[in-house]
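Trainee: Before we start, here is the structure in question, set down as structure tokens.
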Amino acid sequence: MEQEATRDAYGKALLELGRQNPDIVVLDADTSSSTRTNWFAKEFPERFFNFGVAEANMIGYAAGLALAGKIPFVSSFAVFGSLRAYEQIRTSICWANLNVKIVLTHAGISVGEDGASHQAIEDIAAMRALPNMSVVVPADANETRRAIFACLEYKGPMYIRLSRAKFPLLPDTGFEIGKARIIKPGNDISIIACGLMVFEALKASDMLEKDGISARVVNMSTIKPIDKEAIILAAKETKGIITAEEHSIIGGLGSAVCEVLAEEKQAIVKRIGIQDVFGTSGKPEELLSYFKVDARAIHNEALQIVNCKFQIEKGENLQ
């Protein structure tokens with residue numbers, strides 16, 4: 001399958017938008033060759049600002065540019081751009097509801113050998129807790145491009161979470177902020193995923209198909225505002241839900257889905273994610289397996305849910 005890194009798609013989209021809109025400015029924290037904002041900087045040096053390793057100052061400057069009518073795109077590695085500058089994002093950006101786009105790369109454990117210090121697995125939880133902040137995690141390069149274009153039309157702060165590694169390109173089902181998309185229909189169980197885990201969910205769905213289980217795969221690329229209707233429909237139409245994310249199980253996609261179901265609809269839910277531990281160094285594919293956030297883990301949990309539901313329906317004692 002053709003592959004492309006979401007950060008590469010970001011760099012291309014940013015350059016294209018920069019040619020169309022002179023109000024776009026780009027800020028980076030000495031990571032521009034990695035976040036791909038250096039492509040924008042090369043063509044528009046007068047609209048590019050490198051702050052060095054000073055993320056908090058970068059966010060404060062972005063707030064000022066937004067107040068002056070500019071459209072700042074702020075970039076760095078996810079672990080530094082979201083957590084090191086958290087207080088400034090909260091108070092300078094979100095409190096004032098400013099039109100600042102925070103696009104951070106190298107998120108999750110798939111950043112690989114850089115290890116725990118560079119693996120952001122708490123960023124979704126932190127960002128979705130902020131009032132006025134929207135949170136988007138694209139599944140592949142095509143969706144990244146659509147998300148970057150869509151966020152330009154959106155007024156207000158937005159966090160877009162990207163990765164370092166190349167992902168396979170998925171069937172293009174479009175993108176709309178706040179809307180999930182079913183990319184594979186199914187009637188037995190639903191797998192709700194975001195980011196690179198959408199591809200793992202599709203692989204798990206293929207494995208389940210060989211077991212005679214029909215698995216629906218839902219791309220929940222907008223974590224906030226979340227698509228409640230898609231979650232409730234999955235709970236009504238299938239035997240259970242598995243959430244899959246390259247993030248802590250605390251506060252991320254799985255938590256958001258459970259919050260909806262706790263108020264709207266009873267359902268069996270299993271969350272696939274990092275089990276409240278820090279990451280470690282390794283190759284991306286090795287880490288997905290080590291932390292049990294891969295297709296095999298989704299497949300195993302799906303089998304348990306379907307078998308459990310079958311026993312409940314027959315009135316048997318659960319094994």
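Here, A, B, ... name the chains of the structure tokens in the order displayed, residue numbers run from 1 inside each chain, and ligands are numbered from 1 in the same displayed order.
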Near A:Leu233, within 10 Å and counting only C-alpha atoms, which residues show up once chain neighbours fewer than 5 positions away are dropped, as a ChimeraX atom specification?

Mentor: /A:190,228,238,265

Trainee: Tell me, as JSON, numbers by chain, which residues lie within 8 Å of stretch 252-259 of chain A, counting only C-alpha atoms; anything in the same chain fewer than 2 positions away does not count.

Mentor: {"A": [122, 124, 125, 193, 194, 223, 226, 231, 243, 244, 245, 247, 248, 249, 250, 261, 262, 263, 269, 271, 272]}

Trainee: Just how far from atom CA of A:Ile241 is atom CA of A:Ala215, in Å to one decimal?

Mentor: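 Straight-line distance from atom CA of A:Ala215 to atom CA of A:Ile241 works out to 9.7 Å.
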
Trainee: Tell me, as a VMD selection string, which residues lie within 10 Å of A:Asn300, counting only C-alpha atoms; anything in the same chain fewer than 4 positions away does not count.

Mentor: chain A and resid 204 207 to 208 295 to 296 304 to 305

Trainee: Would you mind reading off the distance between atom CA of A:Met197 and atom CA of A:Ala29, one decimal, in Å?

Mentor: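 Atom CA of A:Ala29 lies 27.6 Å from atom CA of A:Met197.
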
Trainee: Which one is closest to A:Phe175: A:Gly195, A:Pro138, A:Gly108, A:Gly156? Count only C-alpha atoms.

Mentor: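 Between A:Gly195, A:Pro138, A:Gly108, A:Gly156, the residue approaching A:Phe175 most closely is A:Pro138.
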
Trainee: Counting only C-alpha atoms, which of A:Thr6, A:Ser221, A:Asn50, A:Ser214 gets nearest to A:Ser163?

Mentor: A:Thr6
